[in-house]
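K.L.:
Next up, model.txt (compact mmCIF, C-alpha atoms).
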```
# COMPACT_ATOMS: atom_id res chain seq x y z
CA MET A 1 14.58 27.15 -9.35
CA LYS A 2 12.07 25.33 -7.21
CA LEU A 3 11.42 21.66 -7.96
CA ALA A 4 8.39 19.50 -7.29
CA PRO A 5 8.32 18.12 -3.71
CA ALA A 6 9.17 14.59 -2.61
CA LEU A 7 11.31 13.92 -5.66
CA ALA A 8 13.42 11.26 -4.01
CA THR A 9 10.35 9.40 -2.81
CA ALA A 10 8.81 9.59 -6.28
CA ALA A 11 11.98 8.32 -7.91
CA ALA A 12 12.11 5.37 -5.54
CA ALA A 13 8.49 4.60 -6.35
CA VAL A 14 9.28 4.65 -10.06
CA LEU A 15 12.07 2.14 -9.55
CA LEU A 16 9.82 -0.18 -7.57
CA ALA A 17 6.95 0.17 -10.02
CA ALA A 18 9.24 -0.42 -12.98
CA CYS A 19 10.60 -3.60 -11.43
CA SER A 20 7.08 -4.88 -10.85
CA ASN A 21 6.13 -4.05 -14.45
CA GLY A 22 8.52 -6.39 -16.19
CA THR A 23 11.76 -4.53 -15.46
CA THR A 24 14.59 -6.84 -14.56
CA ALA A 25 18.19 -6.61 -13.49
CA SER A 26 20.39 -8.39 -16.00
CA GLY A 27 23.94 -8.78 -14.79
CA GLY A 28 26.33 -5.90 -14.28
CA GLY A 29 25.02 -3.70 -11.53
CA GLY A 30 26.78 -1.34 -9.20
CA GLY A 31 27.40 2.36 -9.54
CA GLY A 32 29.35 4.31 -12.11
CA LYS A 33 29.92 7.75 -13.51
CA VAL A 34 27.34 9.30 -15.83
CA GLY A 35 28.59 11.62 -18.55
CA ILE A 36 26.25 14.27 -19.93
CA ASP A 37 26.48 16.61 -22.89
CA HIS A 38 24.12 19.57 -23.09
CA PRO A 39 23.13 20.48 -26.65
CA ARG A 40 23.14 24.28 -26.42
CA ALA A 41 22.93 27.26 -24.09
CA ASP A 42 21.23 29.79 -26.36
CA SER A 43 17.67 28.63 -25.63
CA ASP A 44 15.57 29.41 -22.56
CA PHE A 45 14.20 25.88 -22.66
CA TRP A 46 17.61 24.20 -22.67
CA ASN A 47 18.94 26.57 -20.02
CA SER A 48 16.05 25.49 -17.80
CA TYR A 49 16.86 21.83 -18.45
CA ILE A 50 20.52 22.46 -17.64
CA LYS A 51 19.56 24.00 -14.28
CA TYR A 52 17.43 20.98 -13.38
CA VAL A 53 20.16 18.41 -14.10
CA PRO A 54 22.41 18.81 -11.02
CA GLN A 55 19.42 19.06 -8.69
CA MET A 56 17.89 15.88 -10.10
CA ALA A 57 21.27 14.13 -9.98
CA SER A 58 21.54 14.97 -6.29
CA GLU A 59 18.03 13.70 -5.56
CA LEU A 60 18.55 10.47 -7.49
CA LYS A 61 22.09 9.98 -6.14
CA VAL A 62 23.64 9.84 -9.61
CA ASP A 63 27.43 10.13 -9.87
CA LEU A 64 27.32 12.89 -12.49
CA MET A 65 30.48 14.01 -14.25
CA PRO A 66 31.08 17.71 -15.05
CA PRO A 67 28.86 18.37 -18.10
CA THR A 68 30.02 19.35 -21.56
CA ASN A 69 28.12 21.54 -24.05
CA SER A 70 28.25 20.80 -27.77
CA GLN A 71 26.73 24.18 -28.76
CA ASN A 72 24.49 22.74 -31.48
CA ASP A 73 27.56 21.30 -33.25
CA VAL A 74 27.64 17.55 -33.89
CA THR A 75 31.45 17.60 -34.27
CA LYS A 76 31.75 19.03 -30.76
CA LEU A 77 29.27 16.45 -29.51
CA VAL A 78 31.39 13.61 -30.88
CA SER A 79 34.52 15.11 -29.33
CA ASN A 80 32.79 15.68 -25.99
CA VAL A 81 31.49 12.12 -25.86
CA GLN A 82 34.97 10.76 -26.58
CA ALA A 83 36.35 12.87 -23.72
CA LEU A 84 33.64 11.72 -21.30
CA THR A 85 34.19 8.06 -22.08
CA GLY A 86 37.94 8.56 -21.79
CA GLN A 87 37.35 9.94 -18.32
CA GLY A 88 35.46 6.84 -17.24
CA ALA A 89 31.78 7.46 -18.06
CA LYS A 90 29.73 4.25 -17.73
CA ALA A 91 26.65 5.80 -19.36
CA ILE A 92 26.16 8.83 -21.61
CA ILE A 93 23.27 11.28 -21.75
CA MET A 94 23.10 13.38 -24.91
CA ALA A 95 20.64 15.41 -26.95
CA PRO A 96 21.89 15.28 -30.56
CA GLN A 97 20.38 18.14 -32.56
CA ASP A 98 21.35 16.51 -35.87
CA THR A 99 19.78 13.10 -35.34
CA GLY A 100 21.20 11.60 -38.52
CA ALA A 101 24.87 12.39 -37.86
CA ILE A 102 25.42 10.60 -34.56
CA ALA A 103 25.11 6.97 -35.71
CA THR A 104 28.84 6.22 -35.85
CA THR A 105 29.37 7.52 -32.32
CA LEU A 106 26.45 5.44 -31.06
CA GLN A 107 27.96 2.35 -32.69
CA GLN A 108 31.29 3.05 -30.97
CA LEU A 109 29.56 3.41 -27.61
CA GLU A 110 27.65 0.17 -28.17
CA ASN A 111 30.93 -1.60 -28.94
CA LYS A 112 32.29 -0.34 -25.61
CA LYS A 113 29.07 -1.46 -23.85
CA ILE A 114 28.33 2.11 -22.75
CA PRO A 115 24.55 2.71 -22.74
CA VAL A 116 23.18 5.93 -24.20
CA ILE A 117 20.16 7.97 -23.11
CA SER A 118 19.03 10.50 -25.70
CA VAL A 119 17.03 13.45 -24.40
CA ASP A 120 14.35 15.20 -26.46
CA THR A 121 15.67 13.86 -29.77
CA ARG A 122 15.56 10.36 -31.22
CA PRO A 123 18.69 9.31 -33.18
CA ASP A 124 17.82 8.04 -36.64
CA LYS A 125 20.26 5.11 -36.35
CA GLY A 126 22.46 3.61 -33.66
CA LYS A 127 21.46 1.81 -30.49
CA VAL A 128 20.03 3.75 -27.56
CA TYR A 129 19.15 2.37 -24.14
CA MET A 130 16.29 4.87 -23.81
CA VAL A 131 15.04 8.00 -25.51
CA VAL A 132 13.49 10.42 -23.03
CA ARG A 133 11.12 12.48 -25.09
CA ALA A 134 7.56 13.65 -25.52
CA ASP A 135 5.40 12.73 -28.51
CA ASN A 136 6.51 15.47 -30.91
CA ARG A 137 3.91 14.56 -33.51
CA ALA A 138 1.32 15.35 -30.85
CA TYR A 139 2.90 18.82 -30.55
CA GLY A 140 2.18 19.53 -34.20
CA THR A 141 -1.33 18.10 -34.02
CA LYS A 142 -2.23 20.11 -30.90
CA ALA A 143 -0.92 23.30 -32.52
CA CYS A 144 -2.90 22.61 -35.70
CA GLU A 145 -6.13 21.92 -33.86
CA PHE A 146 -5.77 25.03 -31.71
CA LEU A 147 -5.07 27.36 -34.64
CA GLY A 148 -7.67 25.69 -36.84
CA GLN A 149 -10.36 26.29 -34.24
CA GLN A 150 -9.29 29.88 -33.57
CA LEU A 151 -9.33 30.71 -37.29
CA GLY A 152 -12.59 28.92 -37.95
CA GLY A 153 -10.92 26.68 -40.50
CA LYS A 154 -10.00 29.49 -42.91
CA GLY A 155 -7.09 31.84 -43.50
CA LYS A 156 -3.30 31.78 -43.59
CA VAL A 157 -0.75 30.67 -41.01
CA VAL A 158 3.04 30.58 -40.77
CA GLN A 159 4.85 27.57 -39.37
CA LEU A 160 8.26 28.53 -37.96
CA GLN A 161 9.92 25.14 -38.19
CA GLY A 162 12.95 23.91 -36.32
CA ALA A 163 15.72 22.11 -38.18
CA LEU A 164 14.41 19.42 -40.49
CA SER A 165 17.64 17.48 -39.91
CA SER A 166 16.19 16.87 -36.43
CA VAL A 167 13.50 14.28 -35.84
CA ASN A 168 11.71 16.83 -33.65
CA GLY A 169 11.55 19.38 -36.44
CA ARG A 170 10.31 16.74 -38.85
CA ASP A 171 7.74 15.26 -36.45
CA ARG A 172 6.25 18.62 -35.48
CA SER A 173 6.19 19.88 -39.06
CA GLU A 174 4.76 16.75 -40.67
CA ALA A 175 2.06 16.32 -38.03
CA PHE A 176 1.04 19.98 -38.28
CA LEU A 177 0.79 19.80 -42.07
CA ASP A 178 -1.03 16.44 -42.05
CA CYS A 179 -3.56 17.76 -39.55
CA MET A 180 -4.13 20.97 -41.50
CA LYS A 181 -4.62 19.07 -44.76
CA THR A 182 -7.04 16.62 -43.18
CA LYS A 183 -9.01 18.78 -40.74
CA PHE A 184 -8.63 22.35 -42.01
CA PRO A 185 -8.15 22.30 -45.81
CA GLY A 186 -9.31 25.93 -45.96
CA ILE A 187 -6.14 27.09 -44.18
CA THR A 188 -3.00 27.90 -46.18
CA VAL A 189 0.27 27.07 -44.41
CA PHE A 190 3.60 28.78 -45.11
CA SER A 191 6.41 26.63 -43.66
CA GLU A 192 9.73 28.31 -42.84
CA PRO A 193 12.76 26.17 -41.80
CA THR A 194 14.53 28.31 -39.20
CA GLU A 195 17.15 25.75 -38.09
CA TRP A 196 16.14 26.60 -34.49
CA GLU A 197 17.59 30.11 -34.98
CA GLY A 198 15.74 33.21 -33.77
CA SER A 199 17.30 35.56 -36.32
CA LYS A 200 16.15 33.37 -39.20
CA ALA A 201 12.67 33.15 -37.69
CA ALA A 202 12.42 36.94 -37.49
CA SER A 203 13.58 37.43 -41.07
CA MET A 204 11.28 34.77 -42.48
CA LEU A 205 8.25 35.97 -40.54
CA GLN A 206 8.92 39.58 -41.56
CA THR A 207 9.00 38.59 -45.23
CA ARG A 208 5.84 36.46 -45.02
CA LEU A 209 3.88 39.23 -43.30
CA GLU A 210 4.98 41.72 -45.96
CA GLN A 211 3.88 39.35 -48.71
CA ASN A 212 0.70 38.22 -46.90
CA PRO A 213 -0.53 40.91 -44.48
CA ASP A 214 -3.68 38.84 -43.88
CA ILE A 215 -1.79 36.07 -42.03
CA LYS A 216 -3.76 35.27 -38.87
CA GLY A 217 -1.83 32.43 -37.22
CA ILE A 218 1.71 31.42 -36.27
CA TYR A 219 3.01 28.07 -35.06
CA MET A 220 6.45 28.32 -33.42
CA HIS A 221 8.32 25.02 -33.07
CA ALA A 222 10.41 26.35 -30.17
CA GLY A 223 9.44 29.23 -27.94
CA GLY A 224 12.89 29.18 -26.40
CA VAL A 225 14.36 30.60 -29.61
CA HIS A 226 11.30 31.82 -31.55
CA LEU A 227 9.29 33.74 -28.96
CA ALA A 228 11.28 36.96 -28.59
CA PRO A 229 11.88 37.54 -32.34
CA THR A 230 8.25 36.71 -33.17
CA LEU A 231 6.92 39.19 -30.62
CA GLN A 232 9.36 41.81 -31.90
CA VAL A 233 8.17 41.40 -35.50
CA LEU A 234 4.50 41.48 -34.49
CA LYS A 235 5.13 44.64 -32.47
CA GLN A 236 6.88 46.32 -35.39
CA LYS A 237 3.91 45.48 -37.60
CA GLY A 238 1.37 46.81 -35.08
CA LEU A 239 -0.02 43.31 -34.64
CA LEU A 240 0.90 42.72 -31.00
CA VAL A 241 -2.64 43.32 -29.76
CA PRO A 242 -5.04 41.43 -27.44
CA PRO A 243 -7.15 38.53 -28.76
CA SER A 244 -10.21 40.79 -28.65
CA ASP A 245 -8.68 43.05 -31.33
CA PRO A 246 -9.51 42.04 -34.93
CA LYS A 247 -5.83 42.55 -35.85
CA HIS A 248 -4.68 39.88 -33.37
CA VAL A 249 -2.54 37.11 -34.83
CA PHE A 250 -3.10 33.82 -33.00
CA VAL A 251 0.17 32.26 -31.88
CA VAL A 252 0.79 28.75 -30.53
CA SER A 253 4.23 27.60 -29.44
CA ASN A 254 6.21 24.65 -28.06
CA ASP A 255 8.35 24.59 -24.91
CA GLY A 256 6.42 25.80 -21.85
CA ILE A 257 9.02 28.29 -20.62
CA PRO A 258 8.01 31.04 -18.15
CA GLN A 259 8.35 33.70 -20.86
CA GLU A 260 5.65 31.97 -22.91
CA TYR A 261 3.34 31.83 -19.91
CA GLU A 262 3.81 35.54 -19.31
CA ALA A 263 3.05 36.23 -22.97
CA ILE A 264 -0.14 34.14 -22.68
CA ARG A 265 -1.20 36.13 -19.60
CA LYS A 266 -0.61 39.38 -21.50
CA GLY A 267 -2.58 38.13 -24.51
CA GLU A 268 0.47 38.36 -26.76
CA ILE A 269 0.40 34.66 -27.64
CA ASP A 270 -2.41 32.21 -27.12
CA ALA A 271 -1.04 28.77 -26.30
CA THR A 272 2.02 26.58 -25.93
CA VAL A 273 2.75 22.89 -25.46
CA SER A 274 4.65 22.38 -22.21
CA GLN A 275 7.74 20.35 -23.06
CA PRO A 276 8.77 18.90 -19.69
CA ALA A 277 12.28 20.23 -18.99
CA ASP A 278 12.12 18.96 -15.42
CA LEU A 279 11.03 15.45 -16.41
CA TYR A 280 13.59 15.31 -19.21
CA ALA A 281 16.34 15.88 -16.65
CA LYS A 282 14.81 13.54 -14.07
CA TYR A 283 14.21 10.54 -16.29
CA ALA A 284 17.39 10.92 -18.34
CA LEU A 285 19.33 10.53 -15.09
CA PHE A 286 16.96 7.83 -13.83
CA TYR A 287 17.48 5.69 -16.93
CA ALA A 288 21.25 6.32 -16.99
CA LYS A 289 21.48 5.03 -13.42
CA ALA A 290 19.21 2.09 -14.25
CA ALA A 291 21.34 1.20 -17.28
CA ILE A 292 24.53 1.10 -15.22
CA GLU A 293 22.76 -1.10 -12.67
CA GLY A 294 21.82 -3.58 -15.41
CA LYS A 295 18.07 -2.98 -15.42
CA THR A 296 15.96 -3.45 -18.54
CA PHE A 297 12.56 -2.08 -19.55
CA LYS A 298 9.70 -3.16 -21.77
CA PRO A 299 7.16 -1.25 -23.87
CA GLY A 300 3.95 -0.23 -22.10
CA PRO A 301 2.48 2.33 -19.73
CA THR A 302 4.54 3.62 -16.81
CA ASP A 303 3.47 4.89 -13.42
CA HIS A 304 4.48 8.47 -14.33
CA ASP A 305 1.75 9.09 -16.93
CA SER A 306 3.88 8.14 -19.90
CA THR A 307 4.21 5.24 -22.31
CA ILE A 308 7.36 3.39 -23.32
CA ILE A 309 7.32 2.49 -27.01
CA GLN A 310 9.55 0.19 -29.04
CA LEU A 311 11.90 1.80 -31.57
CA PRO A 312 13.95 0.03 -34.25
CA ASN A 313 17.07 1.01 -32.28
CA GLY A 314 15.87 0.98 -28.66
CA LEU A 315 13.06 2.23 -26.46
CA GLU A 316 11.43 5.63 -25.98
CA ASP A 317 9.66 6.93 -22.87
CA GLN A 318 7.09 9.40 -24.18
CA LEU A 319 6.48 11.84 -21.35
CA PRO A 320 3.30 13.94 -21.05
CA ALA A 321 3.27 17.41 -22.64
CA PRO A 322 0.01 19.32 -22.02
CA LEU A 323 -1.38 22.21 -24.04
CA VAL A 324 -1.30 25.43 -22.02
CA THR A 325 -3.75 28.28 -22.69
CA LYS A 326 -5.13 31.20 -20.69
CA ASP A 327 -7.44 28.68 -18.98
CA ASN A 328 -4.64 26.71 -17.28
CA VAL A 329 -1.57 28.96 -17.54
CA ASP A 330 -1.47 29.46 -13.76
CA ASP A 331 -1.47 25.73 -12.97
CA LYS A 332 1.23 25.35 -10.30
CA THR A 333 2.09 21.82 -11.41
CA LEU A 334 3.52 23.09 -14.72
CA TRP A 335 7.31 23.23 -14.52
CA GLY A 336 7.32 26.69 -16.10
CA ASN A 337 5.45 27.96 -13.03
CA GLN A 338 7.97 26.42 -10.63
CA VAL A 339 10.97 28.37 -11.95
CA LYS A 340 12.28 31.07 -9.66
```
Write the structure described by the file as structure tokens, please.
P.N.:
Amino acid sequence: MKLAPALATAAAAVLLAACSNGTTASGGGGGGKVGIDHPRADSDFWNSYIKYVPQMASELKVDLMPPTNSQNDVTKLVSNVQALTGQGAKAIIMAPQDTGAIATTLQQLENKKIPVISVDTRPDKGKVYMVVRADNRAYGTKACEFLGQQLGGKGKVVQLQGALSSVNGRDRSEAFLDCMKTKFPGITVFSEPTEWEGSKAASMLQTRLEQNPDIKGIYMHAGGVHLAPTLQVLKQKGLLVPPSDPKHVFVVSNDGIPQEYEAIRKGEIDATVSQPADLYAKYALFYAKAAIEGKTFKPGPTDHDSTIIQLPNGLEDQLPAPLVTKDNVDDKTLWGNQVK
């Protein structure tokens, strides 16, 4: 996997810029081990993130402990975090898939004065030092606007949701539905909660297409798990045809993995929102190191095209996530085009 050039220089610039933008060192300081738990290894998106982590840790000179993987199981996540802290972790990076079930663990970490960086997901309760995430409501809105325009404001679409126990699934779903209701009331939306599972997505889509053969749009919450089964179902139904064909079903996704880009080039899907796997890894490690060093941050714009917002239980750095279509799918700055 090839990473963007001059990473170390950029990271140093971020530190300097942050300090000049109200960031302060508040006691503590020094180095320390960073523990990290990966949420799953059955998604192309998360596998890309996992590959970026050690490279970013090397560039940023983070003392990274051997990672654990909770395999989409909150019980394993709790156990893994306990093991990491027992082994001397001074900061923890996690990506809880069930954002409501991690509060007790976060409280325990706060009691031990171990800062937590949450990647991609925002815990419902419990203190976090920083959430490294993109604006997931914007994902749903961008998908709605794209499909609404392609369908001319009329027709039927299927929304393959993630898990609604996750803030990401809720944000994407609610924003998509709100946008459709407000901007495209002539479009009927069938929402299917897949729990981020490809097999469920395939079964639900198959059933919806049998019941409503005139469906003309699909919004996939996660290309990493939804893309392959969706393409398989469309192929079985004789609907995997170019956009110029009247039978084409317009598909918009979330993730920005190379497989989605290839599908866009082939005309099999039409768009995706690039969720920044590279930046998730980079800034999770950046903030973990900053937390150990005693630095603090304030809400406001950053120098890396994002905005830090205030949460009830911490801060969130909302990283940029552009919409990718056939018009910009070959943009070399997209992380999905840097993967080898």
K.L.:
Got a sec: who's within 7 Å of Pro320 (chain A), counting only C-alpha atoms, leaving out chain neighbours fewer than 3 positions off, as a list in words?
P.N.:
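Final neighbour list, sorted by chain and number: Ala134, Asp305 and Ser306 of chain A.
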K.L.:
With all atoms listed in the file as the basis for distance, which of A:Met130, A:Val158, A:Thr85, A:Ile218 is at the shortest distance from Pro299 (chain A)?
P.N.:
A:Met130
K.L.:
Can you tell me how far CA of Gly314 (chain A) sits from CA of Val132 (chain A), in Å to one decimal?
P.N.:
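Here the two named atoms are 11.2 Å from each other.
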K.L.:
Kindly indicate which residue among A:Gly267, A:Pro193, A:Pro123, A:Pro322 lies nearest to Leu239 (chain A), using all atoms listed in the file for the distances.
P.N.:
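For Leu239 (chain A), the nearest of the given residues is A:Gly267.
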K.L.:
Find, counting all atoms listed in the file, the residue in A:Lys33, A:Lys156, A:Lys90, A:His304 that gets nearest to Tyr283 (chain A).
P.N.:
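Closest to Tyr283 (chain A) of all the choices is A:His304.
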K.L.:
Name the closest residue to Lys282 (chain A) among the candidates A:Phe45, A:Phe146, A:Tyr52, A:Phe184; distances are taken between atoms, counting all atoms listed in the file.
P.N.:
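Checking each of A:Phe45, A:Phe146, A:Tyr52, A:Phe184 against Lys282 (chain A), counting all atoms listed in the file, the winner is A:Tyr52.
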K.L.:
Scan for residues within 8 Å of the point (24.6, 6.9, -35.4) in the coordinates of the file, using all atoms listed in the file, and reply as a ChimeraX atom specification.
P.N.:
/A:99-107,123-127
K.L.:
Can you tell me how far CA of Asp120 (chain A) sits from CA of Ile292 (chain A), in Å to one decimal?
P.N.:
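Taking CA of Asp120 (chain A) as the start and CA of Ile292 (chain A) as the end point, the length is 20.7 Å.
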K.L.:
Counting only C-alpha atoms, which of A:Pro115, A:Pro243, A:Gly198, A:Gly238 gets nearest to Gln150 (chain A)?
P.N.:
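Among the listed residues, the smallest separation from Gln150 (chain A) belongs to A:Pro243.
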K.L.:
Emit as JSON the padded axis-aligned box for all listed atoms of region 44-56 of chain A, 4 Å per side, with centre and edge lengths in Å to one decimal.
P.N.:
```
{"center_x": 18.3, "center_y": 22.6, "center_z": -15.7, "size_x": 16.2, "size_y": 21.5, "size_z": 22.0}
```
K.L.:
Can you measure CA of His38 (chain A) to CA of Pro67 (chain A) for me? One decimal in Å is fine.
P.N.:
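Atom-to-atom, CA of His38 (chain A) to CA of Pro67 (chain A), that is 7.0 Å.
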K.L.:
Nearest to Asn80 (chain A): which of A:Leu64, A:Val53, A:Ile36, A:Val324 is it, counting all atoms listed in the file?
P.N.:
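Nearest candidate to Asn80 (chain A) out of A:Leu64, A:Val53, A:Ile36, A:Val324: A:Ile36.
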K.L.:
Within 7 Å of Gly223 (chain A), counting all atoms listed in the file, which residues qualify if same-chain residues fewer than 2 places away don't, as a list in words?
P.N.:
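What passes the distance filter is Met220, His221, Val225, His226, Leu227, Ser253, Asn254, Asp255 and Glu260 of chain A.
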K.L.:
Take the selection from the previous step and output its residues with C-alpha atoms, as a PDB file, in the coordinates of the input.
P.N.:
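The file below, again.pdb, is the result:
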```pdb
ATOM      1  CA  MET A 220       6.450  28.320 -33.420  1.00  0.00           C
ATOM      2  CA  HIS A 221       8.320  25.020 -33.070  1.00  0.00           C
ATOM      3  CA  VAL A 225      14.360  30.600 -29.610  1.00  0.00           C
ATOM      4  CA  HIS A 226      11.300  31.820 -31.550  1.00  0.00           C
ATOM      5  CA  LEU A 227       9.290  33.740 -28.960  1.00  0.00           C
ATOM      6  CA  SER A 253       4.230  27.600 -29.440  1.00  0.00           C
ATOM      7  CA  ASN A 254       6.210  24.650 -28.060  1.00  0.00           C
ATOM      8  CA  ASP A 255       8.350  24.590 -24.910  1.00  0.00           C
ATOM      9  CA  GLU A 260       5.650  31.970 -22.910  1.00  0.00           C
TER      10      GLU A 260
END
```
K.L.:
Return as a tab-separated table the residues of region 43-160 of chain A lying at most 10 Å from region 201-211 of chain A, together with the closest atom-to-atom pair for each and the distance in Å to one decimal, counting all atoms listed in the file, with rows in chain order and ascending residue number.
P.N.:
```
residue	atom	partner	partner_atom	distance
A:Val157	CA	A:Arg208	CA	9.6
A:Val158	CA	A:Leu205	CA	7.5
A:Gln159	CA	A:Leu205	CA	9.1
A:Leu160	CA	A:Ala201	CA	6.4
```
K.L.:
Would you pick out the contacts of region 74-78 of chain A at 8 Å or less, using all atoms listed in the file, so that residues sharing its chain but fewer than 3 positions from it are not included, and give the list as a PyMOL selection string?
P.N.:
chain A and resi 37+39+69-71+81-82+96-98+101-102+105
